[in-house]
$ cat final.txt   # compact mmCIF, C-alpha atoms
# COMPACT_ATOMS: atom_id res chain seq x y z
CA ASP I 107 100.05 -150.90 207.57
CA GLN I 108 100.32 -150.48 211.33
CA GLN I 109 100.10 -153.90 212.90
CA VAL I 110 100.30 -152.55 216.44
CA LYS I 111 98.32 -149.45 217.28
CA GLN I 112 98.22 -147.20 220.28
CA ASN I 113 95.44 -144.77 219.51
CA SER I 114 95.98 -142.45 222.45
CA PRO I 115 99.12 -140.37 221.97
CA SER I 116 98.90 -139.01 225.49
CA LEU I 117 97.28 -139.63 228.86
CA SER I 118 97.25 -137.55 232.03
CA VAL I 119 96.27 -138.94 235.43
CA GLN I 120 96.51 -137.84 239.03
CA GLU I 121 99.03 -139.41 241.35
CA GLY I 122 97.53 -142.37 243.18
CA ARG I 123 94.90 -143.06 240.51
CA ILE I 124 94.92 -145.80 237.93
CA SER I 125 96.57 -145.35 234.52
CA ILE I 126 95.19 -147.47 231.70
CA LEU I 127 97.12 -147.63 228.44
CA ASN I 128 95.58 -149.41 225.49
CA CYS I 129 96.96 -151.25 222.51
CA ASP I 130 95.36 -152.99 219.54
CA TYR I 131 96.94 -155.33 217.04
CA THR I 132 95.89 -156.74 213.72
CA ASN I 133 98.31 -159.59 213.08
CA SER I 134 96.81 -162.84 214.39
CA MET I 135 100.26 -164.45 214.26
CA PHE I 136 101.42 -162.37 217.21
CA ASP I 137 101.57 -164.53 220.29
CA TYR I 138 103.72 -162.59 222.71
CA PHE I 139 103.18 -159.03 223.86
CA LEU I 140 105.37 -156.64 225.79
CA TRP I 141 105.19 -153.20 227.30
CA TYR I 142 108.19 -150.90 227.39
CA LYS I 143 108.77 -147.60 229.12
CA LYS I 144 110.93 -145.04 227.38
CA TYR I 145 112.46 -141.73 228.32
CA PRO I 146 113.70 -139.27 225.67
CA ALA I 147 117.10 -140.12 224.23
CA GLU I 148 117.20 -143.49 226.00
CA GLY I 149 116.50 -147.03 224.91
CA PRO I 150 113.24 -148.73 225.91
CA THR I 151 113.08 -150.42 229.30
CA PHE I 152 111.13 -153.64 229.57
CA LEU I 153 108.18 -153.49 231.95
CA ILE I 154 105.98 -156.52 231.63
CA SER I 155 104.93 -159.11 229.08
CA ILE I 156 102.20 -161.59 228.41
CA SER I 157 101.93 -164.72 226.35
CA SER I 158 98.87 -165.36 224.22
CA ILE I 159 97.97 -168.36 226.35
CA LYS I 160 97.23 -166.04 229.26
CA ASP I 161 94.76 -163.22 229.69
CA LYS I 162 96.41 -161.48 232.61
CA ASN I 163 99.86 -160.98 234.05
CA GLU I 164 100.66 -158.98 237.13
CA ASP I 165 103.92 -157.58 238.46
CA GLY I 166 103.66 -155.22 241.38
CA ARG I 167 101.83 -152.08 240.31
CA PHE I 168 101.73 -153.20 236.69
CA THR I 169 99.12 -155.52 235.21
CA VAL I 170 98.71 -156.40 231.57
CA PHE I 171 95.42 -157.75 230.24
CA LEU I 172 95.06 -159.53 226.93
CA ASN I 173 91.82 -160.02 225.03
CA LYS I 174 92.74 -162.25 222.12
CA SER I 175 89.33 -162.24 220.49
CA ALA I 176 89.36 -158.46 220.37
CA LYS I 177 93.09 -158.32 219.58
CA HIS I 178 93.44 -155.86 222.39
CA LEU I 179 95.72 -155.48 225.34
CA SER I 180 96.01 -152.94 228.09
CA LEU I 181 98.50 -151.95 230.74
CA HIS I 182 97.18 -150.90 234.13
CA ILE I 183 99.37 -148.99 236.54
CA VAL I 184 98.00 -148.59 240.02
CA PRO I 185 98.67 -146.52 241.97
CA SER I 186 100.25 -144.17 239.45
CA GLN I 187 103.32 -142.25 240.59
CA PRO I 188 104.98 -139.14 239.13
CA GLY I 189 108.02 -141.29 238.30
CA ASP I 190 105.83 -143.28 235.93
CA SER I 191 105.69 -140.29 233.59
CA ALA I 192 107.24 -141.48 230.33
CA VAL I 193 106.29 -142.80 226.91
CA TYR I 194 104.92 -146.34 226.98
CA PHE I 195 105.26 -148.58 223.96
CA CYS I 196 103.28 -151.71 223.30
CA ALA I 197 105.16 -154.34 221.28
CA ALA I 198 104.26 -157.69 219.81
CA ARG I 199 105.99 -160.58 218.15
CA SER I 200 105.39 -163.95 216.67
CA ASP I 201 107.23 -166.92 218.11
CA THR I 202 108.28 -168.03 214.65
CA GLY I 203 110.66 -166.54 212.16
CA ARG I 204 112.95 -163.73 213.22
CA ARG I 205 110.90 -162.92 216.31
CA ALA I 206 111.52 -159.23 215.88
CA LEU I 207 109.31 -156.86 217.83
CA THR I 208 106.72 -154.66 216.17
CA PHE I 209 106.06 -151.53 218.17
CA GLY I 210 103.07 -149.28 218.56
CA SER I 211 103.46 -145.54 218.26
CA GLY I 212 103.58 -144.99 222.01
CA THR I 213 101.46 -143.21 224.61
CA ARG I 214 102.91 -140.40 226.65
CA LEU I 215 101.79 -140.75 230.26
CA GLN I 216 101.90 -137.76 232.56
CA VAL I 217 101.22 -138.40 236.22
CA GLN I 218 100.33 -135.20 238.02
CA PRO I 219 101.45 -134.87 241.66
CA GLY Y 291 120.78 -157.67 234.42
CA ALA Y 292 122.17 -158.04 230.96
CA VAL Y 293 123.49 -154.88 229.35
CA VAL Y 294 123.62 -153.74 225.78
CA SER Y 295 125.85 -150.78 225.11
CA GLN Y 296 125.66 -148.46 222.14
CA HIS Y 297 128.38 -146.09 221.09
CA PRO Y 298 128.36 -143.23 220.41
CA SER Y 299 125.29 -142.09 222.32
CA TRP Y 300 125.12 -139.02 220.13
CA VAL Y 301 126.93 -137.87 217.03
CA ILE Y 302 126.79 -134.84 214.78
CA CYS Y 303 128.21 -135.13 211.30
CA LYS Y 304 128.32 -133.23 208.04
CA SER Y 305 126.17 -134.22 205.12
CA GLY Y 306 127.94 -136.73 202.89
CA THR Y 307 130.04 -138.31 205.58
CA SER Y 308 129.63 -141.81 207.02
CA VAL Y 309 128.91 -142.64 210.63
CA LYS Y 310 129.38 -145.94 212.42
CA ILE Y 311 127.31 -146.94 215.45
CA GLU Y 312 128.34 -149.89 217.58
CA CYS Y 313 126.09 -152.18 219.55
CA ARG Y 314 127.72 -154.47 222.10
CA SER Y 315 126.26 -157.10 224.38
CA LEU Y 316 128.41 -156.76 227.47
CA ASP Y 317 127.75 -159.90 229.45
CA PHE Y 318 126.04 -162.29 227.07
CA GLN Y 319 126.37 -163.61 223.55
CA ALA Y 320 123.85 -162.53 220.97
CA THR Y 321 123.35 -164.45 217.76
CA THR Y 322 120.71 -161.97 216.66
CA MET Y 323 120.66 -158.20 216.95
CA PHE Y 324 117.99 -155.85 215.69
CA TRP Y 325 118.39 -152.26 214.56
CA TYR Y 326 115.53 -149.80 215.02
CA ARG Y 327 115.08 -146.16 214.10
CA GLN Y 328 112.84 -143.73 215.89
CA PHE Y 329 111.80 -140.34 214.52
CA PRO Y 330 110.49 -137.75 216.99
CA LYS Y 331 107.14 -138.70 218.51
CA GLN Y 332 106.95 -141.82 216.39
CA SER Y 333 107.29 -145.52 216.94
CA LEU Y 334 110.44 -147.59 216.84
CA MET Y 335 110.67 -148.91 213.31
CA LEU Y 336 112.61 -152.08 212.63
CA MET Y 337 115.32 -151.46 210.05
CA ALA Y 338 117.11 -154.78 209.88
CA THR Y 339 117.89 -158.02 211.62
CA SER Y 340 121.54 -158.84 212.06
CA ASN Y 341 122.70 -162.42 212.45
CA GLU Y 342 126.22 -163.26 213.50
CA GLY Y 343 128.29 -164.43 210.58
CA SER Y 344 125.69 -163.85 207.90
CA LYS Y 345 124.15 -161.03 205.92
CA ALA Y 346 121.60 -158.82 207.58
CA THR Y 347 117.94 -159.00 206.65
CA TYR Y 348 116.55 -155.59 205.81
CA GLU Y 349 112.98 -154.44 206.16
CA GLN Y 350 111.13 -153.18 203.14
CA GLY Y 351 112.08 -149.64 202.26
CA VAL Y 352 115.42 -149.70 204.08
CA GLU Y 353 118.36 -149.25 201.72
CA LYS Y 354 120.96 -151.90 202.48
CA ASP Y 355 123.68 -149.98 200.64
CA LYS Y 356 123.04 -146.94 202.76
CA PHE Y 357 122.69 -148.67 206.11
CA LEU Y 358 125.52 -151.17 206.27
CA ILE Y 359 125.21 -153.73 209.02
CA ASN Y 360 128.00 -155.97 210.19
CA HIS Y 361 127.66 -158.62 212.89
CA ALA Y 362 131.17 -159.97 213.03
CA SER Y 363 131.06 -161.51 216.49
CA LEU Y 364 128.56 -162.76 219.03
CA THR Y 365 128.88 -159.55 221.02
CA LEU Y 366 129.16 -156.82 218.41
CA SER Y 367 127.02 -155.47 215.60
CA THR Y 368 127.70 -152.23 213.78
CA LEU Y 369 125.45 -149.97 211.76
CA THR Y 370 127.16 -147.63 209.31
CA VAL Y 371 125.12 -144.83 207.82
CA THR Y 372 126.89 -144.07 204.56
CA SER Y 373 126.78 -140.68 202.83
CA ALA Y 374 124.51 -139.36 205.54
CA HIS Y 375 121.94 -136.69 204.76
CA PRO Y 376 119.84 -134.52 207.07
CA GLU Y 377 116.85 -136.82 206.59
CA ASP Y 378 118.90 -139.62 208.20
CA SER Y 379 118.91 -137.67 211.44
CA SER Y 380 117.17 -139.93 213.90
CA PHE Y 381 117.48 -141.96 217.07
CA TYR Y 382 118.94 -145.39 216.33
CA ILE Y 383 118.41 -148.20 218.82
CA CYS Y 384 119.76 -151.72 218.80
CA SER Y 385 118.51 -154.74 220.65
CA ALA Y 386 120.26 -158.04 221.22
CA ARG Y 387 118.80 -161.46 221.84
CA SER Y 388 120.62 -163.60 224.36
CA GLN Y 389 121.83 -166.83 222.80
CA SER Y 390 121.26 -168.73 226.04
CA SER Y 391 117.98 -167.32 227.37
CA GLY Y 392 116.36 -165.88 224.26
CA GLU Y 393 115.65 -162.66 226.15
CA LEU Y 394 115.81 -159.38 224.31
CA PHE Y 395 117.73 -156.41 225.67
CA PHE Y 396 117.86 -152.87 224.30
CA GLY Y 397 120.74 -150.49 224.00
CA GLU Y 398 120.58 -146.90 225.19
CA GLY Y 399 120.22 -145.56 221.68
CA SER Y 400 122.35 -143.30 219.49
CA ARG Y 401 121.14 -139.91 218.33
CA LEU Y 402 122.44 -138.95 214.91
CA THR Y 403 122.21 -135.38 213.68
CA VAL Y 404 123.31 -134.70 210.12
CA LEU Y 405 123.99 -131.08 209.31
$ encode --input "final.txt" --output "structure tokens"
Amino acid sequence: DQQVKQNSPSLSVQEGRISILNCDYTNSMFDYFLWYKKYPAEGPTFLISISSIKDKNEDGRFTVFLNKSAKHLSLHIVPSQPGDSAVYFCAARSDTGRRALTFGSGTRLQVQP
Amino acid sequence: GAVVSQHPSWVICKSGTSVKIECRSLDFQATTMFWYRQFPKQSLMLMATSNEGSKATYEQGVEKDKFLINHASLTLSTLTVTSAHPEDSSFYICSARSQSSGELFFGEGSRLTVL
């Protein structure tokens, strides 16, 4: 049972435009959400996170939106740059127990110059 | 920033042999380390949670006798894949939680290929 889902395996956008990556979750115990960027044969790199008490968090070109009622979050990258091309993973955890991350299946973003 | 180092970054071994992967937190102490596995074009799947000085907690479906985890110190956890088979070929990633800040940091990953 996939508790964190990224339904779009890939996304292609033009340089300078907005990239929107989506993520849905089913476990209502999740209260902290993270986005990671990953290149092949490398570990994930943390990008941005959001706590369930917020609905938006912004860091430079990256903004994460959280809709708790819909159990949905999204990562907006604007403006998109060719260097943003990578696989983006959504992850979630509960603040109790082991606090291990549960990852989505990833979305491959390709930013075209 | 904090660094987590994995070694080796890639390894090729023969079927039936055992392979050990190390995960080190270089500039912080980690009471908890997590081991993930990623198959091509798939998600990172949690294999086990490793706590310093105690037995690891394995996720459902992960064979603890096959994937031996040792967390002997606050800066080192090891994953040993015993009697490896081609289906164990995967990308193994560790993450370590800082004892002081609670932040989570990922290693660079280790690619295992079993022939």
$ closest_atom_pairs --input "final.txt" --of "chain I" --to "chain Y" --cutoff "7 Å" --atoms "only C-alpha atoms" --output "tab-separated table"
residue	atom	partner	partner_atom	distance
I:Ala147	CA	Y:Gly399	CA	6.8
I:Glu148	CA	Y:Glu398	CA	4.9
I:Gly149	CA	Y:Glu398	CA	4.1
I:Pro150	CA	Y:Phe396	CA	6.4
I:Phe209	CA	Y:Leu334	CA	6.0
I:Gly210	CA	Y:Ser333	CA	5.9
I:Ser211	CA	Y:Ser333	CA	4.1
I:Gly212	CA	Y:Ser333	CA	6.3
$ atom_distance --input "final.txt" --atom1 "atom CA of His375 of chain Y" --atom2 "atom CA of Lys356 of chain Y"
10.5 Å
$ atom_distance --input "final.txt" --atom1 "atom CA of Phe329 of chain Y" --atom2 "atom CA of Ala362 of chain Y"
27.6 Å
$ atom_distance --input "final.txt" --atom1 "atom CA of Lys354 of chain Y" --atom2 "atom CA of Lys304 of chain Y"
20.8 Å
$ residues_around --input "final.txt" --residues "Arg167 of chain I" --least-positions-apart "5" --cutoff "7 Å" --atoms "all atoms listed in the file" --output "ChimeraX atom specification"
/I:183-185
$ closest_residue --input "final.txt" --among "Y:Ala320, Y:Cys303, Y:Cys313, Y:Leu364" --to "Glu393 of chain Y" --atoms "all atoms listed in the file"
Y:Ala320
$ decode --input "final.txt" --residues "segment 367-398 of chain Y" --atoms "N, CA and C atoms" --output "mmCIF file, in the first residue's frame"
data_model
loop_
_atom_site.group_PDB
_atom_site.id
_atom_site.type_symbol
_atom_site.label_atom_id
_atom_site.label_comp_id
_atom_site.auth_asym_id
_atom_site.auth_seq_id
_atom_site.Cartn_x
_atom_site.Cartn_y
_atom_site.Cartn_z
ATOM 1 N N SER Y 367 27.220 2.800 11.029
ATOM 2 C CA SER Y 367 26.301 1.682 10.872
ATOM 3 C C SER Y 367 26.757 0.905 9.645
ATOM 4 N N THR Y 368 26.647 -0.405 9.714
ATOM 5 C CA THR Y 368 27.023 -1.228 8.565
ATOM 6 C C THR Y 368 25.864 -2.108 8.157
ATOM 7 N N LEU Y 369 25.763 -2.312 6.845
ATOM 8 C CA LEU Y 369 24.781 -3.217 6.262
ATOM 9 C C LEU Y 369 25.560 -4.305 5.535
ATOM 10 N N THR Y 370 25.361 -5.542 5.932
ATOM 11 C CA THR Y 370 26.018 -6.657 5.262
ATOM 12 C C THR Y 370 24.970 -7.470 4.527
ATOM 13 N N VAL Y 371 25.139 -7.561 3.219
ATOM 14 C CA VAL Y 371 24.270 -8.397 2.402
ATOM 15 C C VAL Y 371 24.926 -9.769 2.339
ATOM 16 N N THR Y 372 24.316 -10.745 2.978
ATOM 17 C CA THR Y 372 24.918 -12.074 3.062
ATOM 18 C C THR Y 372 24.422 -12.951 1.918
ATOM 19 N N SER Y 373 25.320 -13.797 1.427
ATOM 20 C CA SER Y 373 24.986 -14.727 0.340
ATOM 21 C C SER Y 373 24.199 -13.989 -0.753
ATOM 22 N N ALA Y 374 24.848 -12.982 -1.289
ATOM 23 C CA ALA Y 374 24.163 -12.116 -2.253
ATOM 24 C C ALA Y 374 23.773 -12.871 -3.524
ATOM 25 N N HIS Y 375 22.634 -12.474 -4.059
ATOM 26 C CA HIS Y 375 22.155 -13.029 -5.329
ATOM 27 C C HIS Y 375 21.861 -11.887 -6.296
ATOM 28 N N PRO Y 376 21.770 -12.183 -7.577
ATOM 29 C CA PRO Y 376 21.536 -11.099 -8.553
ATOM 30 C C PRO Y 376 20.328 -10.217 -8.218
ATOM 31 N N GLU Y 377 19.304 -10.808 -7.613
ATOM 32 C CA GLU Y 377 18.124 -9.988 -7.281
ATOM 33 C C GLU Y 377 18.383 -8.986 -6.156
ATOM 34 N N ASP Y 378 19.536 -9.115 -5.480
ATOM 35 C CA ASP Y 378 19.921 -8.144 -4.452
ATOM 36 C C ASP Y 378 20.596 -6.920 -5.066
ATOM 37 N N SER Y 379 20.877 -6.993 -6.350
ATOM 38 C CA SER Y 379 21.496 -5.852 -7.024
ATOM 39 C C SER Y 379 20.565 -4.654 -6.907
ATOM 40 N N SER Y 380 21.094 -3.578 -6.380
ATOM 41 C CA SER Y 380 20.258 -2.416 -6.107
ATOM 42 C C SER Y 380 21.133 -1.252 -5.683
ATOM 43 N N PHE Y 381 20.505 -0.133 -5.428
ATOM 44 C CA PHE Y 381 21.187 1.044 -4.905
ATOM 45 C C PHE Y 381 20.783 1.171 -3.443
ATOM 46 N N TYR Y 382 21.756 1.080 -2.553
ATOM 47 C CA TYR Y 382 21.480 1.122 -1.124
ATOM 48 C C TYR Y 382 21.896 2.481 -0.572
ATOM 49 N N ILE Y 383 20.982 3.101 0.161
ATOM 50 C CA ILE Y 383 21.227 4.451 0.683
ATOM 51 C C ILE Y 383 20.982 4.461 2.183
ATOM 52 N N CYS Y 384 21.881 5.103 2.906
ATOM 53 C CA CYS Y 384 21.654 5.244 4.340
ATOM 54 C C CYS Y 384 21.339 6.697 4.656
ATOM 55 N N SER Y 385 20.664 6.891 5.747
ATOM 56 C CA SER Y 385 20.483 8.249 6.263
ATOM 57 C C SER Y 385 20.716 8.218 7.762
ATOM 58 N N ALA Y 386 21.180 9.324 8.281
ATOM 59 C CA ALA Y 386 21.523 9.403 9.700
ATOM 60 C C ALA Y 386 20.849 10.607 10.333
ATOM 61 N N ARG Y 387 20.298 10.382 11.504
ATOM 62 C CA ARG Y 387 19.640 11.483 12.221
ATOM 63 C C ARG Y 387 20.594 12.035 13.259
ATOM 64 N N SER Y 388 20.801 13.344 13.193
ATOM 65 C CA SER Y 388 21.693 13.993 14.152
ATOM 66 C C SER Y 388 21.107 13.898 15.567
ATOM 67 N N GLN Y 389 21.955 13.463 16.481
ATOM 68 C CA GLN Y 389 21.518 13.335 17.872
ATOM 69 C C GLN Y 389 21.174 14.699 18.466
ATOM 70 N N SER Y 390 21.887 15.733 18.037
ATOM 71 C CA SER Y 390 21.701 17.048 18.646
ATOM 72 C C SER Y 390 20.563 17.834 17.998
ATOM 73 N N SER Y 391 20.488 17.807 16.666
ATOM 74 C CA SER Y 391 19.497 18.653 15.987
ATOM 75 C C SER Y 391 18.262 17.891 15.528
ATOM 76 N N GLY Y 392 18.375 16.577 15.425
ATOM 77 C CA GLY Y 392 17.268 15.788 14.901
ATOM 78 C C GLY Y 392 17.166 15.800 13.387
ATOM 79 N N GLU Y 393 18.045 16.577 12.733
ATOM 80 C CA GLU Y 393 17.999 16.623 11.268
ATOM 81 C C GLU Y 393 18.444 15.302 10.668
ATOM 82 N N LEU Y 394 17.948 15.063 9.461
ATOM 83 C CA LEU Y 394 18.247 13.821 8.756
ATOM 84 C C LEU Y 394 19.141 14.124 7.563
ATOM 85 N N PHE Y 395 20.205 13.362 7.425
ATOM 86 C CA PHE Y 395 21.138 13.555 6.319
ATOM 87 C C PHE Y 395 21.329 12.232 5.593
ATOM 88 N N PHE Y 396 21.442 12.321 4.269
ATOM 89 C CA PHE Y 396 21.578 11.116 3.456
ATOM 90 C C PHE Y 396 23.013 10.909 2.998
ATOM 91 N N GLY Y 397 23.376 9.635 2.884
ATOM 92 C CA GLY Y 397 24.639 9.290 2.269
ATOM 93 C C GLY Y 397 24.531 9.359 0.760
ATOM 94 N N GLU Y 398 25.671 9.117 0.101
ATOM 95 C CA GLU Y 398 25.709 9.220 -1.362
ATOM 96 C C GLU Y 398 25.173 7.965 -2.039
#
